[in-house]
>>> print(open('model_34.txt').read())   # compact mmCIF, C-alpha atoms
# COMPACT_ATOMS: atom_id res chain seq x y z
CA MET A 30 20.63 15.88 -16.05
CA ARG A 31 18.83 15.24 -12.80
CA LYS A 32 16.86 12.43 -11.21
CA TRP A 33 13.60 12.81 -9.33
CA GLN A 34 12.09 10.32 -6.96
CA CYS A 35 8.41 9.83 -6.26
CA ILE A 36 7.96 10.08 -2.52
CA VAL A 37 4.96 7.77 -2.56
CA CYS A 38 6.47 4.70 -4.17
CA GLY A 39 10.12 5.37 -4.86
CA PHE A 40 9.82 5.49 -8.66
CA ILE A 41 12.78 7.35 -10.14
CA TYR A 42 12.52 9.66 -13.12
CA ASP A 43 15.86 10.10 -14.79
CA GLU A 44 15.91 13.09 -17.11
CA ALA A 45 18.72 11.53 -19.15
CA GLU A 46 16.64 8.43 -19.86
CA GLY A 47 13.17 9.94 -20.08
CA ILE A 48 10.37 7.41 -20.43
CA PRO A 49 10.37 6.74 -24.19
CA GLU A 50 7.59 4.17 -23.90
CA GLU A 51 5.36 6.92 -22.51
CA GLY A 52 6.41 9.38 -25.15
CA ILE A 53 8.78 11.27 -22.84
CA GLU A 54 11.99 11.57 -24.82
CA PRO A 55 15.41 11.07 -23.25
CA GLY A 56 16.68 14.41 -22.00
CA THR A 57 13.26 15.78 -21.09
CA ALA A 58 13.64 18.17 -18.15
CA TRP A 59 11.33 17.61 -15.20
CA GLU A 60 9.77 21.02 -15.80
CA ASP A 61 8.82 20.01 -19.33
CA ILE A 62 6.77 17.00 -18.26
CA PRO A 63 3.06 17.88 -18.45
CA ASP A 64 1.30 18.59 -15.15
CA THR A 65 -1.26 15.90 -15.96
CA TRP A 66 1.47 13.25 -15.90
CA GLU A 67 1.17 10.66 -13.16
CA CYS A 68 3.78 8.42 -11.60
CA PRO A 69 3.65 5.22 -13.69
CA ASP A 70 4.07 3.01 -10.62
CA CYS A 71 1.68 4.53 -8.12
CA GLY A 72 -0.47 7.18 -9.77
CA ALA A 73 0.87 10.06 -7.70
CA SER A 74 0.53 13.22 -9.74
CA LYS A 75 3.40 15.50 -10.60
CA ASP A 76 1.58 18.51 -9.31
CA ASP A 77 0.62 16.94 -6.02
CA PHE A 78 3.78 15.13 -5.13
CA GLU A 79 7.06 16.56 -4.22
CA MET A 80 9.76 14.82 -6.13
CA ILE A 81 13.13 14.91 -4.45
CA VAL A 82 16.33 15.57 -6.31
CA LEU A 83 18.67 12.64 -5.81
CA MET B 9 -18.24 37.61 6.60
CA ARG B 10 -21.79 36.79 7.46
CA ALA B 11 -22.25 35.44 10.94
CA SER B 12 -23.82 32.03 10.77
CA SER B 13 -26.16 30.75 13.42
CA ALA B 14 -24.37 27.45 13.96
CA PRO B 15 -20.80 26.41 13.16
CA THR B 16 -20.39 24.09 10.16
CA PRO B 17 -20.01 20.53 11.42
CA PRO B 18 -16.55 19.22 10.56
CA LEU B 19 -15.33 16.69 8.10
CA ILE B 20 -13.93 13.96 10.29
CA VAL B 21 -11.37 11.53 8.89
CA VAL B 22 -10.38 8.44 10.84
CA GLY B 23 -6.91 7.27 9.86
CA SER B 24 -3.56 8.88 9.03
CA GLY B 25 -2.20 6.74 6.25
CA LEU B 26 -1.65 7.56 2.61
CA ALA B 27 -5.40 7.39 1.93
CA ALA B 28 -6.35 9.83 4.68
CA TYR B 29 -3.59 12.34 4.00
CA THR B 30 -3.91 12.28 0.23
CA LEU B 31 -7.64 12.86 0.66
CA VAL B 32 -7.32 15.85 2.98
CA ARG B 33 -4.57 17.42 0.92
CA GLU B 34 -6.75 17.22 -2.19
CA TRP B 35 -9.91 18.28 -0.37
CA ARG B 36 -8.27 21.34 1.18
CA LYS B 37 -7.49 22.59 -2.33
CA ALA B 38 -11.22 22.96 -2.87
CA ASP B 39 -12.51 23.65 0.64
CA ILE B 40 -10.57 25.85 3.03
CA GLU B 41 -13.57 26.73 5.19
CA THR B 42 -15.01 23.53 6.61
CA PRO B 43 -13.39 22.46 9.88
CA LEU B 44 -11.38 19.26 9.69
CA VAL B 45 -10.74 16.73 12.44
CA LEU B 46 -8.25 13.91 11.91
CA ILE B 47 -8.24 11.01 14.34
CA THR B 48 -5.47 8.43 14.40
CA ALA B 49 -4.35 5.62 16.67
CA ASP B 50 -0.88 6.28 15.28
CA ASP B 51 1.53 9.15 15.94
CA GLY B 52 0.11 11.13 13.03
CA ALA B 53 3.33 11.51 11.06
CA GLY B 54 2.78 11.42 7.30
CA TYR B 55 4.69 8.77 5.38
CA SER B 56 4.20 6.45 2.43
CA LYS B 57 3.52 2.85 3.37
CA PRO B 58 4.84 1.35 0.11
CA MET B 59 8.28 2.64 1.11
CA LEU B 60 8.42 0.41 4.19
CA SER B 61 9.23 -2.79 2.34
CA ASN B 62 12.39 -1.53 0.70
CA ALA B 63 13.73 1.07 3.08
CA HIS B 64 16.10 -1.07 5.11
CA SER B 65 18.60 -1.84 2.37
CA LYS B 66 18.73 1.86 1.56
CA GLY B 67 19.77 2.57 5.12
CA GLN B 68 16.60 4.53 5.84
CA SER B 69 15.23 4.56 9.36
CA ALA B 70 11.57 4.78 10.31
CA ASP B 71 12.10 8.47 11.08
CA ASP B 72 13.76 9.09 7.72
CA LEU B 73 10.49 8.03 6.09
CA ILE B 74 8.51 10.82 7.74
CA GLN B 75 7.42 13.34 5.13
CA LEU B 76 5.28 15.53 7.39
CA SER B 77 5.34 15.62 11.18
CA ALA B 78 2.03 15.59 13.03
CA THR B 79 2.44 19.31 13.71
CA GLU B 80 3.03 20.02 10.03
CA VAL B 81 -0.03 17.95 9.10
CA ALA B 82 -2.22 19.97 11.46
CA GLU B 83 -0.85 23.28 10.15
CA ARG B 84 -0.82 22.46 6.46
CA TYR B 85 -4.34 21.03 6.38
CA GLN B 86 -5.76 23.32 9.07
CA ALA B 87 -6.82 20.29 11.01
CA GLU B 88 -7.43 19.39 14.57
CA LEU B 89 -5.29 16.26 14.76
CA LEU B 90 -5.98 13.77 17.52
CA THR B 91 -3.08 11.29 17.73
CA ARG B 92 -2.86 8.04 19.68
CA THR B 93 -6.62 8.15 19.88
CA GLU B 94 -8.93 5.22 19.28
CA VAL B 95 -12.46 5.54 18.03
CA LEU B 96 -14.58 3.26 20.19
CA HIS B 97 -17.75 3.44 18.16
CA ILE B 98 -19.65 5.56 15.71
CA ASP B 99 -23.34 6.32 15.91
CA PRO B 100 -24.84 7.11 12.51
CA THR B 101 -28.19 8.19 13.98
CA THR B 102 -26.73 11.09 15.93
CA ARG B 103 -23.62 11.34 13.69
CA THR B 104 -21.48 11.01 16.76
CA LEU B 105 -18.05 9.50 17.16
CA HIS B 106 -17.05 8.25 20.61
CA LEU B 107 -13.35 8.31 21.47
CA ASP B 108 -11.32 6.42 24.03
CA ASN B 109 -10.47 9.69 25.78
CA GLY B 110 -14.15 10.09 26.63
CA GLU B 111 -14.76 12.77 24.01
CA ALA B 112 -17.71 12.66 21.61
CA LEU B 113 -17.57 14.46 18.25
CA VAL B 114 -20.33 15.19 15.78
CA TRP B 115 -19.53 14.95 12.08
CA GLY B 116 -20.95 16.65 9.04
CA GLN B 117 -19.27 14.10 6.81
CA LEU B 118 -17.22 11.15 8.04
CA VAL B 119 -14.51 9.23 6.21
CA LEU B 120 -13.21 5.88 7.40
CA ALA B 121 -9.66 5.46 6.11
CA VAL B 122 -8.60 2.95 8.71
CA GLY B 123 -6.67 0.59 6.46
CA ALA B 124 -6.16 -3.12 6.81
CA GLU B 125 -4.89 -5.42 9.50
CA PRO B 126 -2.15 -8.05 9.05
CA ILE B 127 -3.56 -11.57 9.09
CA ARG B 128 -2.01 -13.50 11.96
CA ALA B 129 -1.14 -17.09 11.19
CA PRO B 130 -2.01 -19.56 13.95
CA LEU B 131 1.36 -20.45 15.48
CA GLU B 132 2.55 -22.30 18.53
CA GLY B 133 5.79 -22.15 20.49
CA ASN B 134 7.43 -20.23 23.29
CA ALA B 135 8.88 -17.40 21.20
CA LEU B 136 5.90 -15.90 19.40
CA ASN B 137 7.21 -12.49 20.48
CA ARG B 138 9.87 -13.02 17.79
CA VAL B 139 7.17 -12.84 15.10
CA PHE B 140 6.77 -9.40 13.58
CA SER B 141 4.64 -7.91 10.88
CA VAL B 142 5.10 -4.54 9.23
CA ASN B 143 1.88 -2.72 8.51
CA ASP B 144 2.82 0.82 9.48
CA ARG B 145 5.82 2.99 10.20
CA LEU B 146 5.90 2.19 13.91
CA ASP B 147 5.92 -1.55 13.11
CA PHE B 148 8.82 -0.86 10.79
CA ALA B 149 10.69 0.96 13.57
CA ARG B 150 10.25 -2.11 15.79
CA LEU B 151 11.43 -4.45 13.04
CA GLN B 152 14.46 -2.30 12.39
CA SER B 153 15.53 -2.28 16.01
CA GLU B 154 15.23 -6.09 16.01
CA LEU B 155 17.22 -6.40 12.80
CA ASP B 156 20.05 -4.56 14.50
CA GLY B 157 22.30 -7.43 15.56
CA ALA B 158 20.25 -10.09 13.76
CA ARG B 159 21.68 -12.24 11.00
CA GLN B 160 18.98 -14.73 10.02
CA VAL B 161 15.45 -13.70 9.13
CA THR B 162 12.59 -16.05 8.31
CA ILE B 163 9.86 -14.56 6.16
CA MET B 164 6.39 -16.10 6.15
CA GLY B 165 4.53 -15.48 2.92
CA GLY B 166 5.45 -15.43 -0.75
CA GLY B 167 3.16 -12.64 -1.91
CA LEU B 168 4.07 -9.08 -2.81
CA ILE B 169 5.17 -7.95 0.65
CA GLY B 170 7.02 -11.18 1.49
CA SER B 171 8.87 -11.03 -1.83
CA GLU B 172 9.73 -7.35 -1.45
CA PHE B 173 11.09 -7.88 2.05
CA ALA B 174 13.06 -10.93 0.89
CA ASN B 175 14.67 -8.81 -1.80
CA ASP B 176 15.35 -5.93 0.57
CA LEU B 177 16.78 -8.02 3.41
CA ILE B 178 18.99 -10.23 1.22
CA SER B 179 20.34 -7.05 -0.38
CA ALA B 180 21.00 -5.65 3.09
CA GLY B 181 23.19 -8.68 3.86
CA PHE B 182 20.89 -10.87 5.96
CA GLU B 183 20.40 -14.58 5.59
CA VAL B 184 16.82 -15.02 4.46
CA ASP B 185 14.59 -18.10 4.60
CA LEU B 186 11.19 -17.68 2.97
CA VAL B 187 8.40 -20.08 3.91
CA ALA B 188 5.11 -20.16 2.01
CA PRO B 189 2.47 -22.81 1.33
CA SER B 190 2.29 -21.90 -2.37
CA GLU B 191 4.22 -23.58 -5.18
CA THR B 192 5.87 -20.36 -6.22
CA LEU B 193 5.83 -16.60 -5.53
CA LEU B 194 3.13 -14.01 -6.23
CA THR B 195 0.43 -16.60 -6.84
CA GLY B 196 -2.87 -14.97 -7.69
CA LEU B 197 -1.03 -12.00 -9.13
CA VAL B 198 1.08 -13.58 -11.88
CA PRO B 199 1.25 -16.96 -13.65
CA ALA B 200 3.62 -19.55 -12.17
CA GLU B 201 6.35 -18.92 -14.77
CA VAL B 202 6.71 -15.30 -13.68
CA GLY B 203 6.61 -16.29 -10.01
CA GLU B 204 9.41 -18.73 -10.77
CA ALA B 205 11.46 -16.04 -12.54
CA LEU B 206 11.32 -13.95 -9.38
CA ARG B 207 12.05 -16.95 -7.17
CA HIS B 208 15.14 -17.83 -9.22
CA ALA B 209 16.43 -14.27 -9.04
CA LEU B 210 15.99 -14.19 -5.27
CA ALA B 211 17.48 -17.69 -4.89
CA ASP B 212 20.52 -16.66 -6.93
CA ALA B 213 20.99 -13.80 -4.49
CA GLY B 214 20.91 -16.28 -1.61
CA VAL B 215 17.30 -16.48 -0.41
CA ARG B 216 16.48 -20.03 0.75
CA PHE B 217 12.97 -21.12 -0.17
CA HIS B 218 10.73 -23.55 1.67
CA LEU B 219 7.64 -23.68 -0.51
CA GLY B 220 4.80 -26.02 0.35
CA PRO B 221 4.93 -26.21 4.15
CA LEU B 222 3.71 -23.66 6.70
CA VAL B 223 5.44 -22.38 9.80
CA SER B 224 3.94 -24.20 12.78
CA ARG B 225 6.12 -23.16 15.73
CA VAL B 226 8.63 -20.57 16.83
CA ASP B 227 10.68 -21.55 19.85
CA SER B 228 13.73 -20.30 21.66
CA VAL B 229 16.75 -22.58 21.68
CA GLU B 230 20.03 -22.04 23.52
CA ASP B 231 22.40 -19.09 23.03
CA GLY B 232 19.68 -16.56 22.40
CA LYS B 233 18.84 -18.18 19.07
CA PHE B 234 15.42 -19.19 17.88
CA GLN B 235 14.06 -21.98 15.77
CA VAL B 236 11.19 -22.11 13.31
CA SER B 237 9.45 -25.46 12.83
CA LEU B 238 7.68 -26.19 9.58
CA THR B 239 4.71 -28.50 9.03
CA ASN B 240 6.97 -30.83 7.01
CA GLY B 241 9.14 -31.38 10.08
CA GLN B 242 11.99 -29.16 8.95
CA LYS B 243 13.62 -26.83 11.48
CA ILE B 244 15.22 -23.50 10.58
CA PRO B 245 17.47 -21.52 12.91
CA THR B 246 16.46 -17.87 12.95
CA ASP B 247 16.83 -14.60 14.81
CA LEU B 248 13.40 -13.30 14.00
CA VAL B 249 10.33 -14.08 11.92
CA LEU B 250 8.65 -11.58 9.63
CA SER B 251 5.05 -12.49 8.92
CA ALA B 252 3.69 -11.26 5.59
CA VAL B 253 0.79 -13.60 5.00
CA GLY B 254 -1.71 -11.00 3.92
CA LEU B 255 -3.99 -8.21 5.03
CA THR B 256 -7.65 -8.01 5.85
CA PRO B 257 -9.67 -4.76 5.73
CA ARG B 258 -10.48 -3.21 9.09
CA VAL B 259 -14.26 -3.33 9.23
CA ASP B 260 -15.06 -3.51 12.97
CA LEU B 261 -16.11 0.12 13.44
CA ALA B 262 -18.34 0.01 10.40
CA ARG B 263 -19.86 -3.32 11.33
CA LYS B 264 -20.67 -2.24 14.88
CA ALA B 265 -22.26 0.90 13.50
CA GLY B 266 -24.57 -1.23 11.37
CA LEU B 267 -23.01 -0.21 8.07
CA ARG B 268 -22.96 -2.73 5.26
CA VAL B 269 -19.82 -4.81 5.42
CA ASN B 270 -18.61 -7.63 3.24
CA ARG B 271 -14.89 -8.32 2.83
CA GLY B 272 -14.37 -4.60 3.28
CA VAL B 273 -16.66 -1.71 4.16
CA VAL B 274 -19.13 -1.77 1.29
CA VAL B 275 -19.20 1.48 -0.70
CA ASN B 276 -20.60 2.62 -4.03
CA LYS B 277 -18.70 4.39 -6.82
CA TYR B 278 -18.82 7.58 -4.75
CA LEU B 279 -17.15 5.70 -1.88
CA GLN B 280 -20.31 6.19 0.12
CA THR B 281 -21.25 3.53 2.67
CA SER B 282 -24.81 2.44 3.37
CA ASP B 283 -25.06 5.65 5.44
CA PRO B 284 -25.00 8.67 3.12
CA THR B 285 -22.86 10.83 5.46
CA ILE B 286 -20.19 8.16 5.91
CA TYR B 287 -17.55 7.28 3.33
CA ALA B 288 -14.80 4.67 3.28
CA LEU B 289 -11.50 4.98 1.41
CA GLY B 290 -8.38 2.92 0.84
CA ASP B 291 -7.54 -0.55 2.09
CA CYS B 292 -10.65 -0.79 4.31
CA ALA B 293 -13.10 -0.13 1.48
CA GLU B 294 -14.80 -2.52 -0.90
CA VAL B 295 -15.67 -0.50 -3.97
CA GLU B 296 -18.29 -2.14 -6.16
CA GLY B 297 -17.06 -5.52 -4.98
CA LEU B 298 -13.37 -4.71 -5.38
CA VAL B 299 -10.93 -4.73 -2.46
CA LEU B 300 -7.70 -3.47 -4.00
CA MET B 301 -5.09 -2.94 -1.36
CA TYR B 302 -2.62 -1.20 -3.63
CA VAL B 303 -1.39 2.33 -3.82
CA MET B 304 -2.58 3.26 -7.30
CA PRO B 305 -6.31 2.62 -6.76
CA LEU B 306 -6.04 4.40 -3.43
CA MET B 307 -4.49 7.58 -4.86
CA ASN B 308 -7.04 7.64 -7.62
CA ALA B 309 -9.98 7.11 -5.24
CA ALA B 310 -8.69 9.76 -2.81
CA ARG B 311 -8.76 12.37 -5.57
CA ALA B 312 -12.32 11.44 -6.55
CA LEU B 313 -13.57 11.49 -2.95
CA ALA B 314 -11.91 14.87 -2.29
CA LYS B 315 -14.05 16.35 -5.07
CA THR B 316 -17.20 14.66 -3.82
CA LEU B 317 -16.67 15.92 -0.28
CA ALA B 318 -16.08 19.41 -1.61
CA GLY B 319 -19.48 19.31 -3.31
CA GLU B 320 -18.66 18.02 -6.78
CA GLN B 321 -20.03 14.45 -6.93
CA THR B 322 -17.29 12.42 -8.57
CA ALA B 323 -17.45 8.70 -9.15
CA VAL B 324 -14.32 6.60 -8.88
CA GLN B 325 -13.20 5.54 -12.33
CA TRP B 326 -10.41 3.07 -12.26
CA PRO B 327 -8.44 2.60 -15.44
CA ALA B 328 -6.32 -0.52 -15.84
CA MET B 329 -3.95 -0.09 -12.91
CA PRO B 330 -1.00 -2.42 -12.75
CA VAL B 331 0.57 -3.66 -9.53
CA THR B 332 4.29 -2.94 -9.28
CA VAL B 333 6.34 -5.39 -7.24
CA LYS B 334 9.42 -3.59 -5.95
CA THR B 335 11.93 -6.41 -6.26
CA PRO B 336 14.98 -4.84 -7.95
CA LEU B 337 16.60 -8.29 -8.40
CA CYS B 338 13.73 -9.09 -10.77
CA PRO B 339 11.13 -6.33 -11.01
CA VAL B 340 7.58 -7.46 -11.74
CA ILE B 341 4.56 -5.55 -13.03
CA ALA B 342 1.22 -7.33 -13.08
CA TYR B 343 -2.34 -6.70 -14.08
CA PRO B 344 -4.08 -9.86 -12.94
CA PRO B 345 -7.13 -10.85 -14.98
CA ARG B 346 -10.49 -10.61 -13.20
CA SER B 347 -11.77 -13.58 -15.12
CA THR B 348 -10.14 -16.79 -16.24
CA GLY B 349 -8.21 -16.94 -19.45
CA ALA B 350 -5.30 -18.63 -21.12
CA TRP B 351 -1.77 -17.42 -20.36
CA GLN B 352 0.84 -17.18 -23.05
CA ILE B 353 4.42 -16.71 -21.92
CA ASP B 354 7.10 -15.12 -24.04
CA GLY B 355 10.78 -14.69 -23.23
CA SER B 356 13.33 -16.54 -21.18
CA GLY B 357 15.12 -16.43 -17.84
CA ALA B 358 14.13 -13.44 -15.75
CA ASN B 359 12.78 -11.53 -18.72
CA LEU B 360 9.22 -12.66 -19.33
CA ALA B 361 6.09 -11.18 -20.83
CA ALA B 362 2.99 -13.16 -19.94
CA VAL B 363 -0.32 -12.24 -21.52
CA CYS B 364 -3.70 -13.60 -20.53
CA ARG B 365 -6.33 -13.88 -23.25
CA GLN B 366 -9.98 -14.74 -23.19
CA GLY B 367 -10.92 -15.46 -26.75
CA GLU B 368 -9.54 -12.51 -28.72
CA SER B 369 -9.45 -10.13 -25.78
CA ILE B 370 -6.43 -9.48 -23.62
CA VAL B 371 -7.63 -9.55 -20.02
CA GLY B 372 -4.40 -9.44 -18.01
CA PHE B 373 -0.63 -9.45 -18.16
CA ALA B 374 2.49 -9.96 -16.09
CA LEU B 375 5.97 -8.72 -16.95
CA SER B 376 9.30 -9.39 -15.33
CA GLY B 377 12.92 -8.28 -15.63
CA GLU B 378 13.71 -6.27 -18.75
CA ARG B 379 10.25 -6.87 -20.14
CA ILE B 380 8.61 -4.49 -17.62
CA LYS B 381 9.32 -1.85 -20.24
CA GLU B 382 6.34 -3.21 -22.18
CA ARG B 383 3.95 -2.11 -19.46
CA ASN B 384 2.27 0.65 -21.44
CA THR B 385 1.78 -1.44 -24.54
CA TRP B 386 -0.21 -4.03 -22.59
CA LEU B 387 -1.96 -1.51 -20.36
CA LYS B 388 -3.59 -0.04 -23.43
CA ALA B 389 -4.87 -3.46 -24.42
CA VAL B 390 -6.60 -4.51 -21.18
CA PRO B 391 -10.04 -3.52 -19.88
CA PRO B 392 -10.37 -0.89 -17.11
CA LEU B 393 -10.85 -2.03 -13.52
CA LEU B 394 -13.93 0.04 -12.90
CA ALA B 395 -15.49 1.87 -15.81
CA SER B 396 -17.92 4.75 -15.40
>>> encode(input="model_34.txt", output="structure tokens")
Amino acid sequence: MRKWQCIVCGFIYDEAEGIPEEGIEPGTAWEDIPDTWECPDCGASKDDFEMIVL
Amino acid sequence: MRASSAPTPPLIVVGSGLAAYTLVREWRKADIETPLVLITADDGAGYSKPMLSNAHSKGQSADDLIQLSATEVAERYQAELLTRTEVLHIDPTTRTLHLDNGEALVWGQLVLAVGAEPIRAPLEGNALNRVFSVNDRLDFARLQSELDGARQVTIMGGGLIGSEFANDLISAGFEVDLVAPSETLLTGLVPAEVGEALRHALADAGVRFHLGPLVSRVDSVEDGKFQVSLTNGQKIPTDLVLSAVGLTPRVDLARKAGLRVNRGVVVNKYLQTSDPTIYALGDCAEVEGLVLMYVMPLMNAARALAKTLAGEQTAVQWPAMPVTVKTPLCPVIAYPPRSTGAWQIDGSGANLAAVCRQGESIVGFALSGERIKERNTWLKAVPPLLAS
């Protein structure tokens, strides 16, 4: 399980935790998150923002 | 390729912050032909401003925050990038921009993404050079070099930036005094109970609060130390002062050019100023009466404007966009109501969910601590910021 950080605001997506309240189940791989998804804290889009592996 | 009689006039963007660079990145996806000129008073390096207020405790330097160097920006966006260059004035009649290096440039379309300026509190004393504000990466570099060897920091302002820096600097091991005229933190953004939850969390971590008075003086005392005087007569020893009392949109260029200006540069839903070839984006813009100096509205507006500039007229549509306060000691997410209503607070300690109702409708909310998880539930319930 990996973690990805939004380079705009620092939001961290943890694959192990997912974001259940957004319907992203724990264990969801980064690749399996839809391309239309946006960073919940800043609105950066997945497609447009590099997320860095922590 | 067909030879054209005259070269296409460029898109000119003034500014090199998140607004400017998000815009050109998006716009280049749709338009790879039109020449692009970027003009910045800065060094042109691409970085994310929201990261400045919590970089220090993570051990990140100003250079670590660079995501794209100026050279990479110019290459990636096929732009002529003019750094450390000031725009003296813009002439809408001839569509000409006059620069401090004597150059004059003609635009096809012009975007002002010049940001906002820190408000400077009126202060007296013989050590006003110890007062810093952090509005860009170079400011942050200066602050960081001052923090090196410092122990005590006084923060002016209890809003989002003041609170975030208080959290970051106390976590980095500094002594922090926070001075603000308000009764609690984040006033205007959250109800007092939530502001108090954050204040308690920061106080437990060691931040000393002086709420009510203002800083009136900063003076040097012996041994290379400094002293802050408050309007209530109190004196605080300090090494440096960080001013975070708010921002005001940069409107001078637009005003001198005769564009409509209110609190910010006045634009319509297409981010168009009173001159149809000039647009304004980000912290300098007032969109349909809204000046929202936060990252989420900016990212959203940049994507809409990129489409418009590429020929597909796209109005800004702002959903309910919450403001995230990056205070790990007590995280806060807020969607302040645009009208008055009655707040109802649920929870205890640091973990609060405050909901603002007007009659039956939910018009705003504020969450802190563990309760920030409820963000999406409440987001669905509140009205959008700017509907189509």
>>> interface_residues(input="model_34.txt", of="chain B", to="chain A", cutoff="10 Å", atoms="only C-alpha atoms", output="ChimeraX atom specification")
/B:26,30,33-34,55-60,62-63,73,75,302-308,329-334,341,381-385
>>> closest_residue(input="model_34.txt", among="B:Thr101, B:Ser347, B:Ser224, B:Asn143", to="Ile127 (chain B)", atoms="all atoms listed in the file")
B:Asn143
>>> residues_around(input="model_34.txt", residues="Thr57 (chain A)", least_positions_apart="6", cutoff="8 Å", atoms="all atoms listed in the file", output="NGL selection string")
:A and (44-45 or 47)
>>> residues_around(input="model_34.txt", residues="region 42-52 of chain B", least_positions_apart="2", cutoff="8 Å", atoms="all atoms listed in the file", output="list in words")
Thr16, Pro17, Pro18, Leu19, Ile20, Val21, Val22, Gly23, Ser24, Asp39, Ile40, Gly54, Ser77, Ala78, Val81, Tyr85, Gln86, Ala87, Glu88, Leu89, Leu90, Thr91, Arg92, Thr93, Glu94 and Val95 of chain B
>>> residues_near_point(input="model_34.txt", point="(18.6, -10.7, 16.1)", cutoff="9 Å", atoms="only C-alpha atoms", output="count of residues only")
14
>>> residues_around(input="model_34.txt", residues="Pro391 (chain B)", least_positions_apart="2", cutoff="10 Å", atoms="all atoms listed in the file", output="list of chain:residue names")
B:Pro327, B:Ala328, B:Met329, B:Pro345, B:Arg346, B:Ser369, B:Ile370, B:Val371, B:Gly372, B:Leu387, B:Lys388, B:Ala389, B:Leu393, B:Leu394, B:Ala395
>>> residues_around(input="model_34.txt", residues="Ala350 (chain B)", least_positions_apart="4", cutoff="7 Å", atoms="all atoms listed in the file", output="list in words")
Cys364, Arg365 and Gln366 of chain B
>>> closest_residue(input="model_34.txt", among="A:Lys75, A:Ile41, A:Ile81, A:Gln34", to="Asp61 (chain A)", atoms="only C-alpha atoms")
A:Lys75
>>> residues_around(input="model_34.txt", residues="Ala309 (chain B)", least_positions_apart="3", cutoff="10 Å", atoms="all atoms listed in the file", output="CSV table (one decimal) with C-alpha atoms, in the coordinates of the input")
chain,number,residue,atom,x,y,z
B,27,ALA,CA,-5.4,7.4,1.9
B,30,THR,CA,-3.9,12.3,0.2
B,31,LEU,CA,-7.6,12.9,0.7
B,277,LYS,CA,-18.7,4.4,-6.8
B,278,TYR,CA,-18.8,7.6,-4.8
B,279,LEU,CA,-17.2,5.7,-1.9
B,289,LEU,CA,-11.5,5.0,1.4
B,290,GLY,CA,-8.4,2.9,0.8
B,295,VAL,CA,-15.7,-0.5,-4.0
B,303,VAL,CA,-1.4,2.3,-3.8
B,304,MET,CA,-2.6,3.3,-7.3
B,305,PRO,CA,-6.3,2.6,-6.8
B,306,LEU,CA,-6.0,4.4,-3.4
B,312,ALA,CA,-12.3,11.4,-6.6
B,313,LEU,CA,-13.6,11.5,-3.0
B,314,ALA,CA,-11.9,14.9,-2.3
B,322,THR,CA,-17.3,12.4,-8.6
B,323,ALA,CA,-17.4,8.7,-9.2
B,324,VAL,CA,-14.3,6.6,-8.9
B,325,GLN,CA,-13.2,5.5,-12.3
B,326,TRP,CA,-10.4,3.1,-12.3
>>> atom_distance(input="model_34.txt", atom1="CA of Asp283 (chain B)", atom2="CA of Glu320 (chain B)")
18.5 Å
>>> axis_aligned_box(input="model_34.txt", around="region 60-74 of chain A", padding_each_side="8 Å", output="AutoDock Vina command-line options")
--center_x 4.3 --center_y 12.0 --center_z -13.5 --size_x 27.0 --size_y 34.0 --size_z 27.6
